[in-house]
>>> print(open('run-v2.txt').read())   # compact mmCIF, C-alpha atoms
# COMPACT_ATOMS: atom_id res chain seq x y z
CA MET A 1208 75.41 107.98 101.39
CA LYS A 1209 79.08 108.89 101.56
CA VAL A 1210 81.68 106.72 99.88
CA MET A 1211 83.30 105.75 103.18
CA ASP A 1212 79.98 104.53 104.58
CA ALA A 1213 79.58 101.96 101.81
CA VAL A 1214 82.44 99.63 102.75
CA ARG A 1215 83.25 97.36 105.66
CA MET A 1216 85.95 98.68 107.98
CA ASP A 1217 86.87 95.75 110.23
CA LEU A 1218 90.28 94.26 110.91
CA PRO A 1219 91.92 90.87 110.26
CA ASN A 1220 90.72 87.65 111.84
CA LEU A 1221 92.77 84.48 111.35
CA LYS A 1222 90.99 81.19 112.01
CA THR A 1223 93.51 78.61 110.76
CA THR A 1224 97.21 78.14 110.35
CA LEU A 1225 98.40 79.55 107.04
CA PRO A 1226 97.81 78.26 104.53
CA GLY A 1227 94.59 76.62 105.68
CA PRO A 1228 93.52 73.19 104.39
CA LYS A 1229 91.37 74.50 101.53
CA ALA A 1230 94.05 76.98 100.48
CA LYS A 1231 96.72 74.28 100.54
CA ALA A 1232 94.63 72.00 98.34
CA ILE A 1233 94.10 74.75 95.76
CA ILE A 1234 97.79 75.66 95.77
CA ASP A 1235 98.65 72.01 95.14
CA ARG A 1236 96.30 71.99 92.12
CA ASP A 1237 97.68 75.34 90.93
CA ASN A 1238 101.23 73.98 90.98
CA LYS A 1239 100.24 71.33 88.43
CA VAL A 1240 98.52 73.49 85.79
CA ILE A 1241 99.33 77.22 86.13
CA SER A 1242 102.31 78.83 84.41
CA PRO A 1243 105.38 78.76 86.67
CA SER A 1244 106.28 82.27 85.52
CA TYR A 1245 103.95 83.79 88.12
CA THR A 1246 105.49 85.15 91.34
CA ARG A 1247 103.69 84.35 94.58
CA GLY A 1248 105.29 85.71 97.73
CA TYR A 1249 103.03 83.93 100.24
CA PRO A 1250 100.15 81.43 100.11
CA LEU A 1251 97.07 83.64 99.92
CA VAL A 1252 94.10 82.04 98.13
CA ALA A 1253 91.55 84.84 97.87
CA ALA A 1254 87.84 84.02 97.95
CA ARG A 1255 86.09 87.35 98.48
CA GLY A 1256 86.82 90.96 99.30
CA GLU A 1257 85.11 93.99 100.74
CA GLY A 1258 86.65 97.38 101.30
CA ALA A 1259 90.22 96.86 102.51
CA ILE A 1260 89.54 93.29 103.69
CA ILE A 1261 90.31 90.07 101.80
CA GLU A 1262 88.90 86.74 102.94
CA ASP A 1263 90.58 83.52 101.90
CA VAL A 1264 88.96 80.17 101.12
CA ASP A 1265 89.35 79.05 104.74
CA GLY A 1266 87.57 82.08 106.16
CA ASN A 1267 90.70 83.95 107.27
CA ARG A 1268 90.35 87.73 106.91
CA PHE A 1269 93.33 89.90 105.97
CA LEU A 1270 93.90 93.63 105.82
CA ASP A 1271 94.95 94.32 102.24
CA PHE A 1272 97.76 96.82 101.94
CA ASN A 1273 98.59 96.01 98.33
CA ALA A 1274 95.13 96.44 96.76
CA GLY A 1275 95.71 93.78 94.13
CA ILE A 1276 98.96 95.58 93.17
CA ALA A 1277 97.52 99.11 93.45
CA VAL A 1278 94.42 98.18 91.43
CA VAL A 1279 91.30 98.20 93.63
CA SER A 1280 91.36 101.94 94.26
CA THR A 1281 87.79 102.08 95.61
CA GLY A 1282 88.28 98.97 97.71
CA HIS A 1283 87.24 95.42 96.97
CA CYS A 1284 83.75 95.14 95.50
CA HIS A 1285 82.60 98.66 96.29
CA PRO A 1286 78.77 98.49 96.13
CA GLN A 1287 78.46 101.36 93.68
CA VAL A 1288 81.10 99.91 91.38
CA VAL A 1289 79.47 96.46 91.53
CA ALA A 1290 76.07 98.00 90.74
CA SER A 1291 77.50 99.79 87.70
CA ILE A 1292 79.12 96.58 86.44
CA GLN A 1293 75.91 94.59 86.93
CA ALA A 1294 73.75 97.19 85.22
CA GLN A 1295 76.03 97.44 82.19
CA ALA A 1296 76.47 93.66 81.95
CA ALA A 1297 72.70 93.31 81.70
CA LYS A 1298 72.60 95.75 78.75
CA LEU A 1299 75.67 95.13 76.60
CA LEU A 1300 78.86 93.12 77.14
CA HIS A 1301 80.70 93.77 73.89
CA MET A 1302 80.42 95.14 70.38
CA SER A 1303 84.00 96.42 69.87
CA GLY A 1304 84.61 100.11 70.27
CA THR A 1305 87.27 100.04 67.57
CA ASP A 1306 84.70 99.38 64.85
CA PHE A 1307 81.53 100.79 66.39
CA TYR A 1308 80.56 103.41 68.95
CA TYR A 1309 79.81 103.29 72.70
CA GLU A 1310 78.38 106.34 74.45
CA ASN A 1311 80.06 105.46 77.74
CA MET A 1312 83.45 105.17 76.00
CA VAL A 1313 83.03 108.74 74.80
CA ALA A 1314 82.00 109.83 78.31
CA LEU A 1315 85.09 108.27 79.89
CA ALA A 1316 87.39 109.74 77.25
CA GLU A 1317 85.86 113.17 77.88
CA LYS A 1318 86.41 112.74 81.62
CA LEU A 1319 90.02 111.60 81.31
CA ALA A 1320 90.79 114.37 78.83
CA ALA A 1321 89.41 116.91 81.28
CA LEU A 1322 91.30 115.47 84.25
CA ALA A 1323 94.67 115.00 82.55
CA PRO A 1324 97.37 117.56 83.38
CA GLY A 1325 97.83 120.48 81.02
CA ASP A 1326 95.53 122.85 79.17
CA ALA A 1327 95.92 121.32 75.71
CA THR A 1328 93.09 119.40 74.08
CA LYS A 1329 93.49 115.65 74.62
CA ARG A 1330 92.51 112.41 72.90
CA VAL A 1331 92.28 108.95 74.49
CA TYR A 1332 93.07 105.42 73.29
CA PHE A 1333 91.67 102.46 75.28
CA GLY A 1334 93.29 99.06 75.79
CA ASN A 1335 93.01 96.35 78.42
CA SER A 1336 96.04 96.81 80.68
CA GLY A 1337 99.00 98.93 81.62
CA THR A 1338 101.39 97.21 79.26
CA GLU A 1339 98.93 97.76 76.39
CA ALA A 1340 98.70 101.45 77.29
CA VAL A 1341 102.49 101.63 77.11
CA GLU A 1342 102.58 99.74 73.80
CA ALA A 1343 100.17 102.31 72.38
CA ALA A 1344 102.32 105.15 73.74
CA ILE A 1345 105.43 103.68 72.09
CA LYS A 1346 103.72 103.31 68.73
CA LEU A 1347 102.14 106.75 68.94
CA ALA A 1348 105.46 108.41 69.80
CA LYS A 1349 107.11 106.74 66.83
CA TYR A 1350 104.22 107.52 64.49
CA HIS A 1351 103.94 111.19 65.44
CA SER A 1352 107.65 112.00 65.62
CA GLY A 1353 109.01 109.86 62.81
CA ARG A 1354 111.80 108.88 65.22
CA ASP A 1355 112.57 105.48 66.70
CA LYS A 1356 114.79 105.92 69.79
CA PHE A 1357 113.73 106.19 73.44
CA ILE A 1358 115.20 107.14 76.79
CA ALA A 1359 113.97 105.31 79.90
CA PHE A 1360 115.20 104.85 83.47
CA LEU A 1361 116.89 102.10 85.43
CA GLY A 1362 114.44 100.66 87.94
CA GLY A 1363 111.49 101.62 85.77
CA PHE A 1364 108.72 99.14 85.03
CA HIS A 1365 106.50 99.62 81.99
CA GLY A 1366 105.21 96.12 81.28
CA ARG A 1367 106.26 92.68 80.07
CA THR A 1368 105.00 92.53 76.49
CA LEU A 1369 107.80 92.80 73.96
CA GLY A 1370 107.52 96.52 73.22
CA SER A 1371 106.99 97.73 76.77
CA LEU A 1372 109.63 95.29 78.02
CA GLY A 1373 112.16 97.24 75.98
CA LEU A 1374 111.45 100.27 78.18
CA THR A 1375 111.38 98.28 81.42
CA GLY A 1376 114.60 98.48 83.43
CA SER A 1377 113.45 96.73 86.58
CA LYS A 1378 114.75 93.15 86.85
CA SER A 1379 116.95 91.12 84.54
CA VAL A 1380 114.77 88.02 85.00
CA GLN A 1381 112.05 89.84 83.10
CA LYS A 1382 114.26 89.89 79.99
CA LYS A 1383 116.25 86.71 80.43
CA GLY A 1384 115.71 84.07 77.76
CA TYR A 1385 114.07 86.27 75.12
CA GLY A 1386 117.12 87.16 73.06
CA ASN A 1387 117.14 90.45 71.18
CA LEU A 1388 113.90 92.24 71.93
CA PRO A 1389 112.09 93.77 68.95
CA MET A 1390 112.00 97.09 70.84
CA GLN A 1391 115.52 98.27 70.07
CA GLY A 1392 117.01 101.75 70.50
CA VAL A 1393 116.23 102.25 74.21
CA THR A 1394 118.88 103.87 76.39
CA HIS A 1395 118.44 103.49 80.16
CA ILE A 1396 119.88 106.00 82.62
CA PRO A 1397 119.73 106.29 86.43
CA TYR A 1398 116.46 107.59 87.92
CA ALA A 1399 116.30 110.44 90.45
CA TYR A 1400 116.72 107.96 93.32
CA CYS A 1401 117.97 110.45 95.87
CA TYR A 1402 118.59 107.92 98.64
CA ARG A 1403 120.97 106.12 96.26
CA CYS A 1404 122.06 108.91 93.92
CA ALA A 1405 124.12 107.44 91.08
CA TYR A 1406 126.14 110.66 91.02
CA GLY A 1407 126.87 110.89 94.75
CA LYS A 1408 124.80 114.03 95.24
CA THR A 1409 122.12 115.10 97.73
CA PRO A 1410 118.75 116.64 96.77
CA ASP A 1411 119.60 120.06 98.18
CA SER A 1412 122.94 120.32 96.37
CA CYS A 1413 122.52 118.40 93.12
CA ALA A 1414 122.32 119.99 89.69
CA VAL A 1415 119.96 117.26 88.48
CA GLU A 1416 122.85 115.30 87.02
CA CYS A 1417 120.45 112.42 86.34
CA VAL A 1418 118.87 114.61 83.63
CA LYS A 1419 121.89 116.65 82.57
CA VAL A 1420 123.60 113.40 81.55
CA ILE A 1421 121.22 113.25 78.60
CA GLU A 1422 122.64 116.34 76.89
CA GLU A 1423 126.12 116.33 78.38
CA GLN A 1424 126.90 112.68 77.60
CA LEU A 1425 124.25 110.73 75.67
CA PHE A 1426 123.61 113.24 72.93
CA LYS A 1427 127.33 113.89 72.50
CA THR A 1428 128.43 110.27 72.37
CA ILE A 1429 125.97 107.48 71.57
CA LEU A 1430 122.47 108.86 70.99
CA PRO A 1431 121.60 111.46 68.33
CA ALA A 1432 119.02 113.78 69.86
CA GLU A 1433 117.18 114.15 66.56
CA GLU A 1434 116.46 110.39 66.56
CA VAL A 1435 114.84 110.29 70.03
CA ALA A 1436 111.05 110.00 69.88
CA ALA A 1437 110.33 110.16 73.61
CA ILE A 1438 111.52 110.01 77.18
CA MET A 1439 109.45 107.59 79.28
CA VAL A 1440 109.38 108.11 83.05
CA GLU A 1441 107.28 107.16 86.07
CA PRO A 1442 106.42 110.25 88.17
CA VAL A 1443 106.89 107.99 91.21
CA GLN A 1444 108.85 104.86 90.40
CA GLY A 1445 106.75 101.83 91.29
CA GLU A 1446 108.39 98.43 90.91
CA GLY A 1447 111.74 100.14 91.37
CA GLY A 1448 110.98 100.71 95.06
CA TYR A 1449 108.35 103.47 95.37
CA VAL A 1450 110.94 106.17 94.73
CA VAL A 1451 109.83 109.82 94.89
CA PRO A 1452 112.00 112.24 92.87
CA PRO A 1453 112.36 115.99 93.47
CA LYS A 1454 110.36 118.50 91.45
CA LYS A 1455 113.46 119.81 89.68
CA PHE A 1456 113.88 116.40 88.04
CA PHE A 1457 110.72 117.03 86.03
CA ASP A 1458 111.55 120.67 85.36
CA GLU A 1459 114.82 119.58 83.75
CA LEU A 1460 113.24 116.70 81.83
CA ARG A 1461 110.69 119.04 80.29
CA ALA A 1462 113.38 121.56 79.38
CA VAL A 1463 115.54 118.89 77.68
CA ALA A 1464 112.56 117.43 75.84
CA ASP A 1465 111.43 120.82 74.58
CA ARG A 1466 114.88 121.85 73.42
CA HIS A 1467 115.15 118.78 71.20
CA GLY A 1468 111.56 118.23 70.07
CA ILE A 1469 111.27 115.06 72.16
CA LEU A 1470 107.96 113.85 73.58
CA LEU A 1471 107.72 113.45 77.36
CA MET A 1472 105.72 110.35 78.36
CA PHE A 1473 104.55 109.70 81.93
CA ASP A 1474 103.73 106.16 83.01
CA GLU A 1475 101.02 106.69 85.66
CA VAL A 1476 99.83 103.08 85.56
CA GLN A 1477 100.67 102.54 89.24
CA SER A 1478 100.89 106.10 90.56
CA GLY A 1479 97.76 107.51 88.92
CA MET A 1480 94.05 107.52 89.78
CA GLY A 1481 94.28 109.12 93.20
CA ARG A 1482 96.91 106.86 94.75
CA THR A 1483 99.27 109.68 95.75
CA GLY A 1484 96.61 112.01 97.11
CA LYS A 1485 96.19 113.76 93.77
CA MET A 1486 94.49 112.30 90.72
CA PHE A 1487 97.89 111.93 89.03
CA ALA A 1488 101.28 111.81 90.72
CA SER A 1489 102.71 114.28 88.18
CA GLN A 1490 100.45 116.97 89.67
CA HIS A 1491 102.63 117.00 92.80
CA PHE A 1492 105.43 118.31 90.60
CA ASP A 1493 103.40 120.62 88.32
CA ALA A 1494 104.61 118.42 85.48
CA VAL A 1495 102.67 118.00 82.23
CA PRO A 1496 103.27 115.07 79.88
CA ASP A 1497 102.71 114.90 76.15
CA ILE A 1498 101.52 111.29 76.50
CA MET A 1499 100.31 109.57 79.67
CA THR A 1500 99.52 105.91 80.35
CA LEU A 1501 96.91 104.74 82.86
CA ALA A 1502 95.57 101.39 84.09
CA LYS A 1503 95.50 99.60 87.49
CA GLY A 1504 93.27 101.84 89.67
CA ILE A 1505 91.27 103.25 86.76
CA ALA A 1506 88.44 100.70 86.99
CA SER A 1507 88.63 99.19 90.50
CA GLY A 1508 89.80 95.79 89.29
CA MET A 1509 88.25 95.53 85.84
CA PRO A 1510 90.79 95.22 82.98
CA LEU A 1511 91.21 98.62 81.36
CA GLY A 1512 94.12 100.71 80.17
CA ALA A 1513 94.19 104.17 78.64
CA THR A 1514 96.72 106.22 76.69
CA VAL A 1515 96.00 109.94 76.95
CA ALA A 1516 97.83 112.35 74.65
CA ARG A 1517 97.68 115.87 73.35
CA ALA A 1518 95.29 115.89 70.43
CA ASP A 1519 97.99 117.22 68.09
CA VAL A 1520 100.21 114.27 69.10
CA MET A 1521 97.52 111.59 68.73
CA ASP A 1522 97.37 112.16 64.98
CA TRP A 1523 97.54 108.60 63.67
CA LYS A 1524 95.16 107.49 60.96
CA PRO A 1525 92.37 104.87 61.08
CA GLY A 1526 93.84 101.37 61.29
CA ALA A 1527 97.17 102.52 62.73
CA HIS A 1528 96.37 100.96 66.12
CA ALA A 1529 93.34 99.31 67.74
CA SER A 1530 92.19 96.63 70.20
CA THR A 1531 89.16 94.36 69.89
CA PHE A 1532 88.42 94.37 73.62
CA GLY A 1533 89.91 97.76 74.54
CA GLY A 1534 87.34 100.01 76.16
CA ASN A 1535 84.93 97.16 76.93
CA PRO A 1536 81.62 98.74 78.01
CA VAL A 1537 81.51 96.88 81.34
CA CYS A 1538 85.04 98.03 82.20
CA ILE A 1539 84.18 101.56 81.10
CA ALA A 1540 81.12 101.58 83.38
CA SER A 1541 83.32 100.52 86.28
CA ALA A 1542 85.83 103.26 85.47
CA LEU A 1543 83.20 106.00 85.33
CA THR A 1544 81.92 105.07 88.78
CA THR A 1545 85.47 104.67 90.09
CA ILE A 1546 86.37 108.21 89.03
CA GLU A 1547 83.17 109.56 90.56
CA LEU A 1548 84.09 107.98 93.90
CA LEU A 1549 87.69 109.17 93.65
CA GLU A 1550 86.60 112.74 93.05
CA GLN A 1551 83.91 112.59 95.70
CA GLU A 1552 86.12 111.57 98.58
CA LEU A 1553 88.81 108.97 97.99
CA VAL A 1554 91.60 111.12 96.53
CA ASP A 1555 91.32 113.30 99.63
CA ASN A 1556 91.26 110.22 101.85
CA ALA A 1557 94.47 108.98 100.23
CA ALA A 1558 96.13 112.29 101.06
CA THR A 1559 94.81 112.36 104.64
CA VAL A 1560 95.54 108.76 105.62
CA GLY A 1561 98.86 108.83 103.77
CA ALA A 1562 99.96 111.91 105.73
CA HIS A 1563 98.82 110.21 108.94
CA MET A 1564 101.00 107.20 108.15
CA MET A 1565 104.04 109.19 107.05
CA ALA A 1566 103.99 111.27 110.24
CA ARG A 1567 104.66 108.07 112.19
CA MET A 1568 106.72 106.12 109.68
CA LYS A 1569 109.22 108.91 109.05
CA GLN A 1570 110.51 108.15 112.55
CA TRP A 1571 111.26 104.53 111.69
CA PRO A 1572 114.86 105.03 110.53
CA SER A 1573 115.66 106.45 113.97
CA LYS A 1574 113.80 103.56 115.68
CA PHE A 1575 114.91 100.62 113.55
CA PRO A 1576 118.55 100.26 112.44
CA ASN A 1577 117.53 98.20 109.40
CA VAL A 1578 115.12 100.81 108.01
CA GLY A 1579 117.17 103.05 105.77
CA ASP A 1580 114.47 105.21 104.22
CA VAL A 1581 110.71 105.78 104.28
CA ARG A 1582 109.28 107.77 101.39
CA GLY A 1583 106.02 108.27 99.60
CA LEU A 1584 103.11 110.40 98.50
CA GLY A 1585 99.58 109.70 99.69
CA LEU A 1586 98.98 105.96 99.88
CA MET A 1587 102.03 105.06 97.80
CA ILE A 1588 104.65 104.49 100.50
CA GLY A 1589 107.97 102.66 100.31
CA ILE A 1590 110.12 101.31 103.14
CA GLU A 1591 113.73 100.50 102.26
CA PHE A 1592 115.61 97.89 104.32
CA VAL A 1593 119.37 98.01 104.77
CA LYS A 1594 121.97 96.01 106.66
CA ASP A 1595 123.65 99.19 107.84
CA GLN A 1596 122.33 102.74 107.69
CA ALA A 1597 125.80 104.18 107.18
CA THR A 1598 126.76 101.99 104.21
CA ARG A 1599 123.17 101.59 102.97
CA GLU A 1600 123.93 98.01 101.97
CA ARG A 1601 120.69 96.49 100.73
CA HIS A 1602 118.89 93.93 102.90
CA PRO A 1603 116.44 92.00 100.68
CA GLU A 1604 116.37 89.07 103.11
CA MET A 1605 114.90 91.24 105.85
CA ARG A 1606 112.38 92.76 103.46
CA ASN A 1607 111.24 89.25 102.57
CA MET A 1608 110.99 88.26 106.24
CA VAL A 1609 108.89 91.32 107.03
CA GLU A 1610 106.58 90.59 104.09
CA ASN A 1611 105.98 87.00 105.18
CA LYS A 1612 105.69 87.70 108.90
CA ALA A 1613 103.13 90.42 108.17
CA PHE A 1614 101.08 87.87 106.23
CA GLU A 1615 101.18 85.54 109.23
CA GLN A 1616 99.64 88.38 111.29
CA GLY A 1617 96.91 89.13 108.76
CA LEU A 1618 98.50 92.02 106.85
CA LEU A 1619 99.05 91.80 103.10
CA VAL A 1620 102.05 93.74 101.78
CA LEU A 1621 104.42 93.23 98.87
CA GLY A 1622 108.00 94.01 97.99
CA ALA A 1623 109.17 96.52 95.40
CA GLY A 1624 112.64 96.96 94.03
CA GLN A 1625 115.56 94.98 95.39
CA ASN A 1626 115.01 95.63 99.09
CA SER A 1627 111.95 97.81 99.61
CA LEU A 1628 108.44 97.11 100.84
CA ARG A 1629 105.50 98.86 99.21
CA LEU A 1630 102.33 99.99 100.95
CA CYS A 1631 99.49 100.69 98.53
CA PRO A 1632 96.16 99.94 100.25
CA PRO A 1633 92.75 100.62 98.74
CA LEU A 1634 91.97 104.32 98.97
CA VAL A 1635 89.03 103.57 101.31
CA VAL A 1636 91.44 102.55 104.09
CA THR A 1637 90.81 104.26 107.44
CA LYS A 1638 93.23 105.69 109.98
CA ASP A 1639 92.35 102.83 112.34
CA GLN A 1640 93.28 100.28 109.69
CA ALA A 1641 96.46 102.22 108.92
CA ASP A 1642 97.35 102.20 112.62
CA PHE A 1643 96.83 98.44 112.73
CA ALA A 1644 99.08 98.00 109.70
CA MET A 1645 101.82 100.15 111.22
CA ASP A 1646 101.57 98.29 114.54
CA VAL A 1647 102.03 94.97 112.72
CA LEU A 1648 104.93 96.27 110.66
CA GLU A 1649 106.71 97.69 113.71
CA ASN A 1650 106.36 94.35 115.48
CA VAL A 1651 107.61 92.27 112.55
CA ILE A 1652 110.49 94.66 111.80
CA ARG A 1653 111.55 94.34 115.40
CA ASP A 1654 111.19 90.55 115.33
CA SER A 1655 113.00 90.20 112.00
CA ALA A 1656 115.99 92.13 113.32
CA ALA A 1657 116.26 89.97 116.43
>>> encode(input="run-v2.txt", output="structure tokens")
Amino acid sequence: MKVMDAVRMDLPNLKTTLPGPKAKAIIDRDNKVISPSYTRGYPLVAARGEGAIIEDVDGNRFLDFNAGIAVVSTGHCHPQVVASIQAQAAKLLHMSGTDFYYENMVALAEKLAALAPGDATKRVYFGNSGTEAVEAAIKLAKYHSGRDKFIAFLGGFHGRTLGSLGLTGSKSVQKKGYGNLPMQGVTHIPYAYCYRCAYGKTPDSCAVECVKVIEEQLFKTILPAEEVAAIMVEPVQGEGGYVVPPKKFFDELRAVADRHGILLMFDEVQSGMGRTGKMFASQHFDAVPDIMTLAKGIASGMPLGATVARADVMDWKPGAHASTFGGNPVCIASALTTIELLEQELVDNAATVGAHMMARMKQWPSKFPNVGDVRGLGLMIGIEFVKDQATRERHPEMRNMVENKAFEQGLLVLGAGQNSLRLCPPLVVTKDQADFAMDVLENVIRDSAA
């Protein structure tokens, strides 16, 4: 049985007004007891999922083009993933891989080490989430280098725990109210956001000023190079707006890092595990990190994070870092099956369906005056909304309208950055489902501009 034959491929079916009566009742209860720090863009109360379809508590079916924030890579409740989870849960739920040994943890580490970019021998640390993978990367970079400074990028998102939050440069609300963060010594610089180049350049004429600034300004003025442990970068910026940089950005980053003995860390939490049509987004740029962080799509919805590093970099001693639940055997089982399905067919499907979508969506700026840019790799596609294509003034209000109107038509999408919409469906999505999604988006973009 092929991977694509194992999931349901139908389209949305709305039975009630939104939210329906059951959903509304649950939202009312939620408002009384759940932390108000959560962000909910529209009133979806999920009850079950299959493939690229989510069904809410009132029986409304939606086409999911956010995949639980780029998490359910093999689709919702893929039968083979569910079977792996059930089989492992019946054998062993937990013993703690930090103090004892799991065979399947070794198997997953071997697989990730083999898949990771670069020829060097790798080692793997397991946690429970993307932010934990980043925390481990921060600590490892400090431990290995003996340095304590970092360079990160504006628009970058690396997590909300106190260490990773120091690297995050996404939204001020994520840092407001916490005072001086314990993660000091981070310098943020503009990302290679070519549609909005901070240096007024174009991709075909720039000299990669967004990297050259490191040596030409930072190291000469405020940041001693010999104190920088690592540069942290997303190969495709996620929460910043699904921004795809040019290859020369990574060529220059590697050159700067190597000249100064600085580690290069790639955050592939959102862009990795097949999402861009390659197992890791960095492979589109022939870029090789010293440390790489993974989570989200690694286990099809089960909580798992991984920090993969060159073996000579991951040289910390026993007790230096660990996690009681990291590498839980049920999550590991899900990840092993997820990777099998990705390699079998789904990475290729992401490339094929993504190219199918981009062929049509690249025409949108010429069709819709409020679409400034469409960019992406595989099934990681961003649409940027502007008030005027000439001035490129951001239009977050229209982005929000499109997001909510799409929900009302049975399509689940989410914003990214200040004024962009992200499309990151499960990698099982078909061309027919992609066509439906694009039809809906064209209609709501047109309606929102009226």
>>> residues_around(input="run-v2.txt", residues="range 1316-1331 of chain A", least_positions_apart="3", cutoff="12 Å", atoms="only C-alpha atoms", output="PyMOL selection string")
chain A and resi 1309-1313+1334+1340+1343-1344+1347+1473+1475+1479-1481+1485-1502+1505+1512-1523+1529+1533-1534+1539-1540+1542-1547+1549-1550
>>> atom_distance(input="run-v2.txt", atom1="CA of Ser1530 in chain A", atom2="CA of Glu1441 in chain A")
24.3 Å
>>> atom_distance(input="run-v2.txt", atom1="CA of Cys1631 in chain A", atom2="CA of Val1279 in chain A")
9.9 Å
>>> closest_residue(input="run-v2.txt", among="A:Gly1589, A:Pro1603, A:Gly1370, A:Pro1250", to="Ser1655 in chain A", atoms="all atoms listed in the file")
A:Pro1603
>>> closest_residue(input="run-v2.txt", among="A:Met1608, A:Ala1432, A:Val1636, A:Ala1414", to="Arg1466 in chain A", atoms="all atoms listed in the file")
A:Ala1432
>>> axis_aligned_box(input="run-v2.txt", around="range 1605-1612 of chain A", padding_each_side="3 Å", output="AutoDock Vina command-line options")
--center_x 110.3 --center_y 89.9 --center_z 105.7 --size_x 15.2 --size_y 11.8 --size_z 12.3
>>> atom_distance(input="run-v2.txt", atom1="CA of Ile1652 in chain A", atom2="CA of Leu1218 in chain A")
20.2 Å
>>> residues_around(input="run-v2.txt", residues="Phe1643 in chain A", least_positions_apart="5", cutoff="9 Å", atoms="only C-alpha atoms", output="VMD selection string")
chain A and resid 1218 1270 1618 1638 1648
>>> closest_residue(input="run-v2.txt", among="A:Asn1626, A:Met1568, A:Val1418, A:His1602", to="Asp1646 in chain A", atoms="all atoms listed in the file")
A:Met1568
>>> residues_around(input="run-v2.txt", residues="range 1507-1510 of chain A", least_positions_apart="4", cutoff="6 Å", atoms="only C-alpha atoms", output="ChimeraX atom specification")
/A:1278-1281,1335-1336,1538
>>> decode(input="run-v2.txt", residues="range 1517-1552 of chain A", atoms="C-alpha atoms", output="mmCIF file, in the first residue's frame")
data_model
loop_
_atom_site.group_PDB
_atom_site.id
_atom_site.type_symbol
_atom_site.label_atom_id
_atom_site.label_comp_id
_atom_site.auth_asym_id
_atom_site.auth_seq_id
_atom_site.Cartn_x
_atom_site.Cartn_y
_atom_site.Cartn_z
ATOM 1 C CA ARG A 1517 28.868 17.267 14.583
ATOM 2 C CA ALA A 1518 30.233 14.660 16.956
ATOM 3 C CA ASP A 1519 33.319 16.775 17.672
ATOM 4 C CA VAL A 1520 31.016 19.667 18.675
ATOM 5 C CA MET A 1521 28.695 17.590 20.877
ATOM 6 C CA ASP A 1522 31.495 16.967 23.354
ATOM 7 C CA TRP A 1523 29.782 17.768 26.645
ATOM 8 C CA LYS A 1524 30.190 15.431 29.587
ATOM 9 C CA PRO A 1525 27.571 13.303 31.392
ATOM 10 C CA GLY A 1526 25.214 15.500 33.396
ATOM 11 C CA ALA A 1527 25.869 18.628 31.332
ATOM 12 C CA HIS A 1528 22.362 18.507 29.837
ATOM 13 C CA ALA A 1529 19.428 16.077 29.881
ATOM 14 C CA SER A 1530 15.631 15.768 29.836
ATOM 15 C CA THR A 1531 13.489 13.277 31.750
ATOM 16 C CA PHE A 1532 10.920 12.915 28.970
ATOM 17 C CA GLY A 1533 13.139 13.724 25.971
ATOM 18 C CA GLY A 1534 13.153 10.890 23.468
ATOM 19 C CA ASN A 1535 10.044 9.240 24.895
ATOM 20 C CA PRO A 1536 9.750 5.786 23.284
ATOM 21 C CA VAL A 1537 6.216 6.399 21.969
ATOM 22 C CA CYS A 1538 7.289 9.661 20.329
ATOM 23 C CA ILE A 1539 10.386 7.961 18.932
ATOM 24 C CA ALA A 1540 8.244 5.202 17.400
ATOM 25 C CA SER A 1541 6.093 7.843 15.738
ATOM 26 C CA ALA A 1542 9.182 9.618 14.401
ATOM 27 C CA LEU A 1543 10.678 6.458 12.908
ATOM 28 C CA THR A 1544 7.483 5.742 10.992
ATOM 29 C CA THR A 1545 7.144 9.402 10.012
ATOM 30 C CA ILE A 1546 10.611 9.420 8.456
ATOM 31 C CA GLU A 1547 9.891 6.159 6.648
ATOM 32 C CA LEU A 1548 6.789 7.721 5.076
ATOM 33 C CA LEU A 1549 8.628 10.935 4.244
ATOM 34 C CA GLU A 1550 11.378 9.050 2.454
ATOM 35 C CA GLN A 1551 8.955 6.719 0.734
ATOM 36 C CA GLU A 1552 6.846 9.368 -0.940
#
